[in-house]
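Text of work_1.pdb, listed as PDB, C-alpha atoms, pLDDT in the B column:
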```
ATOM      1  CA  MET A   1       0.000   0.000   0.000  1.00 48.00           C
ATOM      2  CA  VAL A   2       2.936   2.157   0.075  1.00 52.00           C
ATOM      3  CA  LEU A   3       2.625   2.684  -3.651  1.00 51.00           C
ATOM      4  CA  GLY A   4      -1.019   3.820  -3.341  1.00 53.00           C
ATOM      5  CA  ASP A   5      -0.175   6.185  -0.523  1.00 55.00           C
ATOM      6  CA  SER A   6       2.586   7.792  -2.540  1.00 56.00           C
ATOM      7  CA  MET A   7       0.236   8.250  -5.518  1.00 55.00           C
ATOM      8  CA  LYS A   8      -2.312   9.934  -3.259  1.00 58.00           C
ATOM      9  CA  ASP A   9       0.402  12.220  -1.907  1.00 59.00           C
ATOM     10  CA  LYS A  10       1.513  13.060  -5.457  1.00 61.00           C
ATOM     11  CA  LYS A  11      -2.089  13.681  -6.468  1.00 61.00           C
ATOM     12  CA  ASN A  12      -2.632  15.860  -3.404  1.00 65.00           C
ATOM     13  CA  GLY A  13       0.687  17.598  -4.073  1.00 65.00           C
ATOM     14  CA  ILE A  14      -0.297  18.390  -7.652  1.00 70.00           C
ATOM     15  CA  GLU A  15      -3.694  19.679  -6.518  1.00 78.00           C
ATOM     16  CA  MET A  16      -2.026  21.777  -3.830  1.00 79.00           C
ATOM     17  CA  ASP A  17       0.420  23.180  -6.382  1.00 81.00           C
ATOM     18  CA  GLU A  18      -2.464  24.089  -8.683  1.00 83.00           C
ATOM     19  CA  ILE A  19      -4.378  25.704  -5.816  1.00 85.00           C
ATOM     20  CA  LYS A  20      -1.248  27.677  -4.820  1.00 86.00           C
ATOM     21  CA  LYS A  21      -0.771  28.796  -8.438  1.00 87.00           C
ATOM     22  CA  LEU A  22      -4.425  29.837  -8.647  1.00 88.00           C
ATOM     23  CA  ILE A  23      -4.196  31.816  -5.386  1.00 90.00           C
ATOM     24  CA  PHE A  24      -0.983  33.542  -6.544  1.00 89.00           C
ATOM     25  CA  LEU A  25      -2.594  34.307  -9.902  1.00 91.00           C
ATOM     26  CA  VAL A  26      -5.712  35.828  -8.271  1.00 92.00           C
ATOM     27  CA  LEU A  27      -3.556  37.821  -5.838  1.00 92.00           C
ATOM     28  CA  GLY A  28      -1.298  38.983  -8.671  1.00 92.00           C
ATOM     29  CA  VAL A  29      -4.246  40.128 -10.818  1.00 93.00           C
ATOM     30  CA  THR A  30      -5.811  41.885  -7.797  1.00 94.00           C
ATOM     31  CA  VAL A  31      -2.549  43.700  -6.959  1.00 94.00           C
ATOM     32  CA  VAL A  32      -2.072  44.758 -10.598  1.00 93.00           C
ATOM     33  CA  PHE A  33      -5.709  45.969 -10.714  1.00 92.00           C
ATOM     34  CA  PHE A  34      -5.281  48.145  -7.591  1.00 92.00           C
ATOM     35  CA  ILE A  35      -1.974  49.533  -8.860  1.00 92.00           C
ATOM     36  CA  PHE A  36      -3.585  50.604 -12.153  1.00 89.00           C
ATOM     37  CA  TYR A  37      -6.643  51.928 -10.285  1.00 90.00           C
ATOM     38  CA  GLY A  38      -4.402  54.041  -8.032  1.00 88.00           C
ATOM     39  CA  ILE A  39      -2.417  55.378 -11.000  1.00 87.00           C
ATOM     40  CA  THR A  40      -5.670  56.244 -12.800  1.00 86.00           C
ATOM     41  CA  LEU A  41      -6.945  58.170  -9.780  1.00 83.00           C
ATOM     42  CA  LEU A  42      -3.700  60.123  -9.514  1.00 82.00           C
ATOM     43  CA  VAL A  43      -3.672  61.006 -13.209  1.00 80.00           C
ATOM     44  CA  LEU A  44      -7.328  62.055 -13.232  1.00 78.00           C
ATOM     45  CA  LYS A  45      -6.888  64.115 -10.090  1.00 74.00           C
ATOM     46  CA  LYS A  46      -3.966  66.012 -11.637  1.00 67.00           C
ATOM     47  CA  GLU A  47      -5.793  66.628 -14.920  1.00 59.00           C
ATOM     48  CA  GLU A  48      -9.031  67.701 -13.261  1.00 57.00           C
ATOM     49  CA  PRO A  49      -9.575  71.356 -14.174  1.00 63.00           C
ATOM     50  CA  LYS A  50     -10.104  73.657 -11.265  1.00 67.00           C
ATOM     51  CA  GLU A  51     -13.562  75.083 -11.049  1.00 71.00           C
ATOM     52  CA  GLU A  52     -13.612  78.713 -12.027  1.00 73.00           C
ATOM     53  CA  LYS A  53     -16.182  80.769 -10.282  1.00 74.00           C
ATOM     54  CA  ILE A  54     -17.715  83.280 -12.626  1.00 72.00           C
ATOM     55  CA  VAL A  55     -19.121  86.270 -10.859  1.00 69.00           C
ATOM     56  CA  THR A  56     -21.906  87.897 -12.740  1.00 67.00           C
ATOM     57  CA  GLN A  57     -22.726  91.390 -11.737  1.00 65.00           C
ATOM     58  CA  ILE A  58     -25.650  93.322 -13.092  1.00 66.00           C
ATOM     59  CA  ASP A  59     -25.262  97.073 -13.156  1.00 73.00           C
ATOM     60  CA  PHE A  60     -28.740  98.479 -12.694  1.00 75.00           C
ATOM     61  CA  GLU A  61     -27.442 101.996 -13.239  1.00 85.00           C
ATOM     62  CA  LYS A  62     -26.571 101.367 -16.888  1.00 89.00           C
ATOM     63  CA  ILE A  63     -29.525 102.086 -19.095  1.00 92.00           C
ATOM     64  CA  LEU A  64     -30.316 102.684 -22.752  1.00 93.00           C
ATOM     65  CA  VAL A  65     -31.195 106.076 -24.202  1.00 93.00           C
ATOM     66  CA  ASN A  66     -34.831 105.080 -24.721  1.00 92.00           C
ATOM     67  CA  GLN A  67     -35.098 104.482 -20.932  1.00 92.00           C
ATOM     68  CA  LEU A  68     -33.674 107.787 -19.756  1.00 90.00           C
ATOM     69  CA  LEU A  69     -37.039 109.407 -18.911  1.00 92.00           C
ATOM     70  CA  SER A  70     -38.718 106.295 -17.517  1.00 91.00           C
ATOM     71  CA  GLN A  71     -36.800 105.385 -14.369  1.00 93.00           C
ATOM     72  CA  PRO A  72     -38.657 104.632 -11.115  1.00 92.00           C
ATOM     73  CA  GLU A  73     -37.170 107.546  -9.156  1.00 93.00           C
ATOM     74  CA  SER A  74     -38.774 110.973  -9.534  1.00 93.00           C
ATOM     75  CA  ASN A  75     -35.434 112.855  -9.402  1.00 95.00           C
ATOM     76  CA  TYR A  76     -32.183 111.483 -10.832  1.00 95.00           C
ATOM     77  CA  TYR A  77     -29.307 112.208 -13.187  1.00 95.00           C
ATOM     78  CA  VAL A  78     -28.390 110.526 -16.454  1.00 95.00           C
ATOM     79  CA  LEU A  79     -24.788 110.687 -17.630  1.00 95.00           C
ATOM     80  CA  LEU A  80     -24.504 109.889 -21.330  1.00 94.00           C
ATOM     81  CA  THR A  81     -20.917 109.200 -22.356  1.00 93.00           C
ATOM     82  CA  ILE A  82     -19.064 108.357 -25.523  1.00 90.00           C
ATOM     83  CA  LYS A  83     -16.365 105.689 -25.348  1.00 86.00           C
ATOM     84  CA  ASN A  84     -13.575 107.960 -26.614  1.00 86.00           C
ATOM     85  CA  ASP A  85     -14.313 110.787 -24.130  1.00 89.00           C
ATOM     86  CA  GLU A  86     -11.032 111.352 -22.303  1.00 93.00           C
ATOM     87  CA  ASN A  87     -12.916 112.422 -19.163  1.00 92.00           C
ATOM     88  CA  ASN A  88     -14.823 109.175 -18.553  1.00 91.00           C
ATOM     89  CA  GLU A  89     -12.521 108.232 -15.663  1.00 92.00           C
ATOM     90  CA  THR A  90     -12.991 111.687 -14.142  1.00 93.00           C
ATOM     91  CA  TYR A  91     -16.775 111.331 -14.372  1.00 92.00           C
ATOM     92  CA  ASN A  92     -16.641 107.924 -12.675  1.00 91.00           C
ATOM     93  CA  SER A  93     -14.353 109.242  -9.947  1.00 91.00           C
ATOM     94  CA  PHE A  94     -16.752 112.100  -9.178  1.00 92.00           C
ATOM     95  CA  LYS A  95     -19.668 109.649  -9.285  1.00 91.00           C
ATOM     96  CA  GLU A  96     -18.012 107.376  -6.705  1.00 91.00           C
ATOM     97  CA  THR A  97     -17.317 110.346  -4.431  1.00 92.00           C
ATOM     98  CA  TYR A  98     -20.884 111.613  -4.856  1.00 92.00           C
ATOM     99  CA  TYR A  99     -22.318 108.199  -3.905  1.00 90.00           C
ATOM    100  CA  LYS A 100     -20.507 108.396  -0.552  1.00 91.00           C
ATOM    101  CA  LYS A 101     -22.667 111.399   0.353  1.00 90.00           C
ATOM    102  CA  GLU A 102     -25.840 110.705   2.270  1.00 89.00           C
ATOM    103  CA  GLY A 103     -29.101 111.442   0.465  1.00 89.00           C
ATOM    104  CA  HIS A 104     -27.575 111.454  -3.019  1.00 90.00           C
ATOM    105  CA  LYS A 105     -29.632 111.069  -6.182  1.00 92.00           C
ATOM    106  CA  ILE A 106     -28.911 108.106  -8.414  1.00 93.00           C
ATOM    107  CA  ILE A 107     -26.809 108.734 -11.521  1.00 93.00           C
ATOM    108  CA  TYR A 108     -27.782 106.443 -14.377  1.00 94.00           C
ATOM    109  CA  GLN A 109     -25.211 105.924 -17.084  1.00 94.00           C
ATOM    110  CA  VAL A 110     -25.732 105.529 -20.819  1.00 94.00           C
ATOM    111  CA  ASP A 111     -22.943 104.353 -23.115  1.00 93.00           C
ATOM    112  CA  LEU A 112     -23.606 106.048 -26.437  1.00 93.00           C
ATOM    113  CA  SER A 113     -21.011 103.748 -28.049  1.00 90.00           C
ATOM    114  CA  ASP A 114     -23.177 100.717 -27.244  1.00 91.00           C
ATOM    115  CA  PRO A 115     -24.689  99.280 -30.448  1.00 92.00           C
ATOM    116  CA  MET A 116     -28.182  99.676 -28.943  1.00 93.00           C
ATOM    117  CA  ASN A 117     -27.565 103.435 -28.573  1.00 92.00           C
ATOM    118  CA  LYS A 118     -25.574 104.177 -31.763  1.00 91.00           C
ATOM    119  CA  SER A 119     -28.635 105.553 -33.545  1.00 92.00           C
ATOM    120  CA  TYR A 120     -28.724 108.398 -31.004  1.00 94.00           C
ATOM    121  CA  LEU A 121     -25.331 109.781 -32.034  1.00 92.00           C
ATOM    122  CA  GLY A 122     -25.521 112.904 -34.194  1.00 91.00           C
ATOM    123  CA  ASP A 123     -23.670 115.988 -35.418  1.00 92.00           C
ATOM    124  CA  GLU A 124     -25.185 118.100 -32.652  1.00 91.00           C
ATOM    125  CA  THR A 125     -27.032 117.497 -29.400  1.00 90.00           C
ATOM    126  CA  THR A 126     -30.804 117.706 -29.910  1.00 90.00           C
ATOM    127  CA  LEU A 127     -33.238 116.963 -27.092  1.00 90.00           C
ATOM    128  CA  GLN A 128     -36.485 118.107 -28.715  1.00 88.00           C
ATOM    129  CA  GLY A 129     -39.572 115.958 -29.180  1.00 87.00           C
ATOM    130  CA  ASP A 130     -39.787 112.309 -28.234  1.00 90.00           C
ATOM    131  CA  VAL A 131     -36.822 110.328 -26.820  1.00 90.00           C
ATOM    132  CA  LYS A 132     -36.533 108.405 -30.097  1.00 91.00           C
ATOM    133  CA  ASP A 133     -35.674 111.733 -31.812  1.00 91.00           C
ATOM    134  CA  PHE A 134     -32.886 112.673 -29.358  1.00 94.00           C
ATOM    135  CA  LYS A 135     -29.351 113.045 -30.739  1.00 93.00           C
ATOM    136  CA  PHE A 136     -26.075 113.459 -28.870  1.00 93.00           C
ATOM    137  CA  LYS A 137     -22.796 114.837 -30.210  1.00 91.00           C
ATOM    138  CA  ASN A 138     -20.680 114.317 -27.090  1.00 91.00           C
ATOM    139  CA  SER A 139     -21.061 113.457 -23.410  1.00 94.00           C
ATOM    140  CA  VAL A 140     -24.087 114.986 -21.690  1.00 95.00           C
ATOM    141  CA  LEU A 141     -25.357 115.107 -18.110  1.00 95.00           C
ATOM    142  CA  LEU A 142     -29.113 115.387 -17.723  1.00 95.00           C
ATOM    143  CA  GLU A 143     -31.068 116.105 -14.577  1.00 96.00           C
ATOM    144  CA  ILE A 144     -34.465 114.429 -14.765  1.00 95.00           C
ATOM    145  CA  GLU A 145     -37.396 115.477 -12.619  1.00 95.00           C
ATOM    146  CA  ASN A 146     -40.759 113.695 -12.798  1.00 93.00           C
ATOM    147  CA  GLY A 147     -40.018 112.226 -16.232  1.00 91.00           C
ATOM    148  CA  THR A 148     -38.928 115.507 -17.862  1.00 92.00           C
ATOM    149  CA  ILE A 149     -35.497 116.982 -18.501  1.00 93.00           C
ATOM    150  CA  LYS A 150     -34.833 119.757 -15.965  1.00 95.00           C
ATOM    151  CA  THR A 151     -31.164 120.514 -16.739  1.00 94.00           C
ATOM    152  CA  ILE A 152     -28.927 119.800 -19.747  1.00 94.00           C
ATOM    153  CA  LEU A 153     -25.153 119.989 -19.329  1.00 94.00           C
ATOM    154  CA  ASP A 154     -23.461 119.437 -22.704  1.00 92.00           C
ATOM    155  CA  GLY A 155     -19.708 118.895 -22.871  1.00 89.00           C
ATOM    156  CA  SER A 156     -17.070 117.782 -20.393  1.00 91.00           C
ATOM    157  CA  THR A 157     -16.424 121.218 -18.861  1.00 93.00           C
ATOM    158  CA  ASP A 158     -20.054 121.678 -17.786  1.00 94.00           C
ATOM    159  CA  ILE A 159     -20.368 118.053 -16.665  1.00 93.00           C
ATOM    160  CA  ILE A 160     -17.212 118.176 -14.521  1.00 93.00           C
ATOM    161  CA  SER A 161     -18.310 121.503 -13.033  1.00 93.00           C
ATOM    162  CA  LYS A 162     -21.702 120.056 -12.021  1.00 94.00           C
ATOM    163  CA  LEU A 163     -20.170 116.826 -10.664  1.00 93.00           C
ATOM    164  CA  ARG A 164     -17.667 118.886  -8.657  1.00 92.00           C
ATOM    165  CA  GLU A 165     -20.581 120.901  -7.265  1.00 92.00           C
ATOM    166  CA  LEU A 166     -22.483 117.718  -6.333  1.00 91.00           C
ATOM    167  CA  THR A 167     -19.480 116.251  -4.478  1.00 89.00           C
ATOM    168  CA  ALA A 168     -18.685 119.426  -2.516  1.00 85.00           C
TER     169      ALA A 168
END
```

As a first step, turn the structure in this file into structure tokens.
Amino acid sequence: MVLGDSMKDKKNGIEMDEIKKLIFLVLGVTVVFFIFYGITLLVLKKEEPKEEKIVTQIDFEKILVNQLLSQPESNYYVLLTIKNDENNETYNSFKETYYKKEGHKIIYQVDLSDPMNKSYLGDETTLQGDVKDFKFKNSVLLEIENGTIKTILDGSTDIISKLRELTA
């Protein structure tokens, strides 16, 4: 029976070798899988674009020419400027200073260079008739009272003078 016992041991040995090989194969595949998974996570984490936060700000003081007489306040100013006016920064500086004063009126701003307002540019400033007939040659500051134009200041000298007066 010694021969039969040795055959059983060989058979068991072969089965054990196969089981060991299978276990090593499964462990090897599992280790390789986790290595590739880890590398993939690292690569994707590095390539992940950072979220950019876009801040959208609506400026309720910028209006179109056709809205200049129809604002909710009864008394306000409208500053109509042309893009190439060298005093635009000066106007904005005075406006910021004026807004620090208590009880100030709102100053709406109209960009006459805006495509929606281009039809209001003309060879001379004309504020007769309906708003759709208005024309502006250069920057203008209007004082509006109860939906009608109270004061017209045409040109940078008059505008700066009035803004200086408002900030004093």

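Between CA of Asp154 (chain A) and CA of Val140 (chain A) lies a distance of 4.6 Å.
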
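Among the candidates A:Asp111, A:Glu18, A:Glu102, A:Asp59, the one nearest to Asp85 (chain A) when counting only C-alpha atoms is A:Asp111.
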
Next item on the list: Find the residue from A:Asp158, A:Asp130, A:Glu52, A:Asp114 that sits nearest to Ile82 (chain A); use only C-alpha atoms when measuring.
Entry: A:Asp114

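Matched in the shown structure by the PyMOL selection byres ((chain A and resi 90) around 12): Thr81, Asp85, Glu86, Asn87, Asn88, Glu89, Tyr91, Asn92, Ser93, Phe94, Lys95, Glu96, Thr97, Ser156, Thr157, Ile159, Ile160, Ser161, Leu163 and Arg164 of chain A.
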
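The two atoms in question, CA of Asn84 (chain A) and CA of Lys135 (chain A), are spaced 17.1 Å apart.
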
Margin query: Can you tell me which residues surround Asn117 (chain A) at a distance of at most 8 Å, considering all atoms listed in the file, apart from same-chain residues fewer than 4 positions away, and format the answer as a count of residues only?
Written below: 6

Note to self: Taking the file as I've supplied it (selection: the PyMOL selection byres ((chain A and resi 152) around 8)), which residues are included? Please answer as a ChimeraX atom specification.
What the structure shows: /A:140-143,149-151,153-154

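In this structure, CA of Lys105 (chain A) sits 13.2 Å away from CA of Asn146 (chain A).
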
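This file, queried with the PyMOL selection byres ((chain A and resi 74) around 8), gives the residues Gln71, Pro72, Glu73, Asn75, Tyr76, Ile144, Glu145, Asn146 and Gly147 of chain A.
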
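With only C-alpha atoms as the basis for measurement, A:Leu80 is the residue among A:Leu80, A:Leu127, A:Ile23, A:Val29 that approaches Gln109 (chain A) most closely.
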
Edge lengths and centre, in Å to one decimal, as AutoDock Vina command-line options: that's what I need for the box along x, y and z that holds all listed atoms of region 16-20 of chain A plus 4 Å on each side.
```
--center_x -2.0 --center_y 24.7 --center_z -6.3 --size_x 12.8 --size_y 13.9 --size_z 12.9
```

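For Gly122 (chain A), the residues within 10 Å (counting only C-alpha atoms, excluding itself and residues fewer than 3 positions away along the chain) are Lys118, Ser119, Thr125, Thr126, Phe134, Lys135, Phe136, Lys137 and Asn138 of chain A.
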
Keeping C-alpha atoms, write region 1-133 of chain A of the structure just shown out as an mmCIF file, in the first residue's frame.
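Now in part07.cif:
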```
data_model
loop_
_atom_site.group_PDB
_atom_site.id
_atom_site.type_symbol
_atom_site.label_atom_id
_atom_site.label_comp_id
_atom_site.auth_asym_id
_atom_site.auth_seq_id
_atom_site.Cartn_x
_atom_site.Cartn_y
_atom_site.Cartn_z
ATOM 1 C CA MET A 1 0.000 0.000 0.000
ATOM 2 C CA VAL A 2 2.936 2.157 0.075
ATOM 3 C CA LEU A 3 2.625 2.684 -3.651
ATOM 4 C CA GLY A 4 -1.019 3.820 -3.341
ATOM 5 C CA ASP A 5 -0.175 6.185 -0.523
ATOM 6 C CA SER A 6 2.586 7.792 -2.540
ATOM 7 C CA MET A 7 0.236 8.250 -5.518
ATOM 8 C CA LYS A 8 -2.312 9.934 -3.259
ATOM 9 C CA ASP A 9 0.402 12.220 -1.907
ATOM 10 C CA LYS A 10 1.513 13.060 -5.457
ATOM 11 C CA LYS A 11 -2.089 13.681 -6.468
ATOM 12 C CA ASN A 12 -2.632 15.860 -3.404
ATOM 13 C CA GLY A 13 0.687 17.598 -4.073
ATOM 14 C CA ILE A 14 -0.297 18.390 -7.652
ATOM 15 C CA GLU A 15 -3.694 19.679 -6.518
ATOM 16 C CA MET A 16 -2.026 21.777 -3.830
ATOM 17 C CA ASP A 17 0.420 23.180 -6.382
ATOM 18 C CA GLU A 18 -2.464 24.089 -8.683
ATOM 19 C CA ILE A 19 -4.378 25.704 -5.816
ATOM 20 C CA LYS A 20 -1.248 27.677 -4.820
ATOM 21 C CA LYS A 21 -0.771 28.796 -8.438
ATOM 22 C CA LEU A 22 -4.425 29.837 -8.647
ATOM 23 C CA ILE A 23 -4.196 31.816 -5.386
ATOM 24 C CA PHE A 24 -0.983 33.542 -6.544
ATOM 25 C CA LEU A 25 -2.594 34.307 -9.902
ATOM 26 C CA VAL A 26 -5.712 35.828 -8.271
ATOM 27 C CA LEU A 27 -3.556 37.821 -5.838
ATOM 28 C CA GLY A 28 -1.298 38.983 -8.671
ATOM 29 C CA VAL A 29 -4.246 40.128 -10.818
ATOM 30 C CA THR A 30 -5.811 41.885 -7.797
ATOM 31 C CA VAL A 31 -2.549 43.700 -6.959
ATOM 32 C CA VAL A 32 -2.072 44.758 -10.598
ATOM 33 C CA PHE A 33 -5.709 45.969 -10.714
ATOM 34 C CA PHE A 34 -5.281 48.145 -7.591
ATOM 35 C CA ILE A 35 -1.974 49.533 -8.860
ATOM 36 C CA PHE A 36 -3.585 50.604 -12.153
ATOM 37 C CA TYR A 37 -6.643 51.928 -10.285
ATOM 38 C CA GLY A 38 -4.402 54.041 -8.032
ATOM 39 C CA ILE A 39 -2.417 55.378 -11.000
ATOM 40 C CA THR A 40 -5.670 56.244 -12.800
ATOM 41 C CA LEU A 41 -6.945 58.170 -9.780
ATOM 42 C CA LEU A 42 -3.700 60.123 -9.514
ATOM 43 C CA VAL A 43 -3.672 61.006 -13.209
ATOM 44 C CA LEU A 44 -7.328 62.055 -13.232
ATOM 45 C CA LYS A 45 -6.888 64.115 -10.090
ATOM 46 C CA LYS A 46 -3.966 66.012 -11.637
ATOM 47 C CA GLU A 47 -5.793 66.628 -14.920
ATOM 48 C CA GLU A 48 -9.031 67.701 -13.261
ATOM 49 C CA PRO A 49 -9.575 71.356 -14.174
ATOM 50 C CA LYS A 50 -10.104 73.657 -11.265
ATOM 51 C CA GLU A 51 -13.562 75.083 -11.049
ATOM 52 C CA GLU A 52 -13.612 78.713 -12.027
ATOM 53 C CA LYS A 53 -16.182 80.769 -10.282
ATOM 54 C CA ILE A 54 -17.715 83.280 -12.626
ATOM 55 C CA VAL A 55 -19.121 86.270 -10.859
ATOM 56 C CA THR A 56 -21.906 87.897 -12.740
ATOM 57 C CA GLN A 57 -22.726 91.390 -11.737
ATOM 58 C CA ILE A 58 -25.650 93.322 -13.092
ATOM 59 C CA ASP A 59 -25.262 97.073 -13.156
ATOM 60 C CA PHE A 60 -28.740 98.479 -12.694
ATOM 61 C CA GLU A 61 -27.442 101.996 -13.239
ATOM 62 C CA LYS A 62 -26.571 101.367 -16.888
ATOM 63 C CA ILE A 63 -29.525 102.086 -19.095
ATOM 64 C CA LEU A 64 -30.316 102.684 -22.752
ATOM 65 C CA VAL A 65 -31.195 106.076 -24.202
ATOM 66 C CA ASN A 66 -34.831 105.080 -24.721
ATOM 67 C CA GLN A 67 -35.098 104.482 -20.932
ATOM 68 C CA LEU A 68 -33.674 107.787 -19.756
ATOM 69 C CA LEU A 69 -37.039 109.407 -18.911
ATOM 70 C CA SER A 70 -38.718 106.295 -17.517
ATOM 71 C CA GLN A 71 -36.800 105.385 -14.369
ATOM 72 C CA PRO A 72 -38.657 104.632 -11.115
ATOM 73 C CA GLU A 73 -37.170 107.546 -9.156
ATOM 74 C CA SER A 74 -38.774 110.973 -9.534
ATOM 75 C CA ASN A 75 -35.434 112.855 -9.402
ATOM 76 C CA TYR A 76 -32.183 111.483 -10.832
ATOM 77 C CA TYR A 77 -29.307 112.208 -13.187
ATOM 78 C CA VAL A 78 -28.390 110.526 -16.454
ATOM 79 C CA LEU A 79 -24.788 110.687 -17.630
ATOM 80 C CA LEU A 80 -24.504 109.889 -21.330
ATOM 81 C CA THR A 81 -20.917 109.200 -22.356
ATOM 82 C CA ILE A 82 -19.064 108.357 -25.523
ATOM 83 C CA LYS A 83 -16.365 105.689 -25.348
ATOM 84 C CA ASN A 84 -13.575 107.960 -26.614
ATOM 85 C CA ASP A 85 -14.313 110.787 -24.130
ATOM 86 C CA GLU A 86 -11.032 111.352 -22.303
ATOM 87 C CA ASN A 87 -12.916 112.422 -19.163
ATOM 88 C CA ASN A 88 -14.823 109.175 -18.553
ATOM 89 C CA GLU A 89 -12.521 108.232 -15.663
ATOM 90 C CA THR A 90 -12.991 111.687 -14.142
ATOM 91 C CA TYR A 91 -16.775 111.331 -14.372
ATOM 92 C CA ASN A 92 -16.641 107.924 -12.675
ATOM 93 C CA SER A 93 -14.353 109.242 -9.947
ATOM 94 C CA PHE A 94 -16.752 112.100 -9.178
ATOM 95 C CA LYS A 95 -19.668 109.649 -9.285
ATOM 96 C CA GLU A 96 -18.012 107.376 -6.705
ATOM 97 C CA THR A 97 -17.317 110.346 -4.431
ATOM 98 C CA TYR A 98 -20.884 111.613 -4.856
ATOM 99 C CA TYR A 99 -22.318 108.199 -3.905
ATOM 100 C CA LYS A 100 -20.507 108.396 -0.552
ATOM 101 C CA LYS A 101 -22.667 111.399 0.353
ATOM 102 C CA GLU A 102 -25.840 110.705 2.270
ATOM 103 C CA GLY A 103 -29.101 111.442 0.465
ATOM 104 C CA HIS A 104 -27.575 111.454 -3.019
ATOM 105 C CA LYS A 105 -29.632 111.069 -6.182
ATOM 106 C CA ILE A 106 -28.911 108.106 -8.414
ATOM 107 C CA ILE A 107 -26.809 108.734 -11.521
ATOM 108 C CA TYR A 108 -27.782 106.443 -14.377
ATOM 109 C CA GLN A 109 -25.211 105.924 -17.084
ATOM 110 C CA VAL A 110 -25.732 105.529 -20.819
ATOM 111 C CA ASP A 111 -22.943 104.353 -23.115
ATOM 112 C CA LEU A 112 -23.606 106.048 -26.437
ATOM 113 C CA SER A 113 -21.011 103.748 -28.049
ATOM 114 C CA ASP A 114 -23.177 100.717 -27.244
ATOM 115 C CA PRO A 115 -24.689 99.280 -30.448
ATOM 116 C CA MET A 116 -28.182 99.676 -28.943
ATOM 117 C CA ASN A 117 -27.565 103.435 -28.573
ATOM 118 C CA LYS A 118 -25.574 104.177 -31.763
ATOM 119 C CA SER A 119 -28.635 105.553 -33.545
ATOM 120 C CA TYR A 120 -28.724 108.398 -31.004
ATOM 121 C CA LEU A 121 -25.331 109.781 -32.034
ATOM 122 C CA GLY A 122 -25.521 112.904 -34.194
ATOM 123 C CA ASP A 123 -23.670 115.988 -35.418
ATOM 124 C CA GLU A 124 -25.185 118.100 -32.652
ATOM 125 C CA THR A 125 -27.032 117.497 -29.400
ATOM 126 C CA THR A 126 -30.804 117.706 -29.910
ATOM 127 C CA LEU A 127 -33.238 116.963 -27.092
ATOM 128 C CA GLN A 128 -36.485 118.107 -28.715
ATOM 129 C CA GLY A 129 -39.572 115.958 -29.180
ATOM 130 C CA ASP A 130 -39.787 112.309 -28.234
ATOM 131 C CA VAL A 131 -36.822 110.328 -26.820
ATOM 132 C CA LYS A 132 -36.533 108.405 -30.097
ATOM 133 C CA ASP A 133 -35.674 111.733 -31.812
#
```
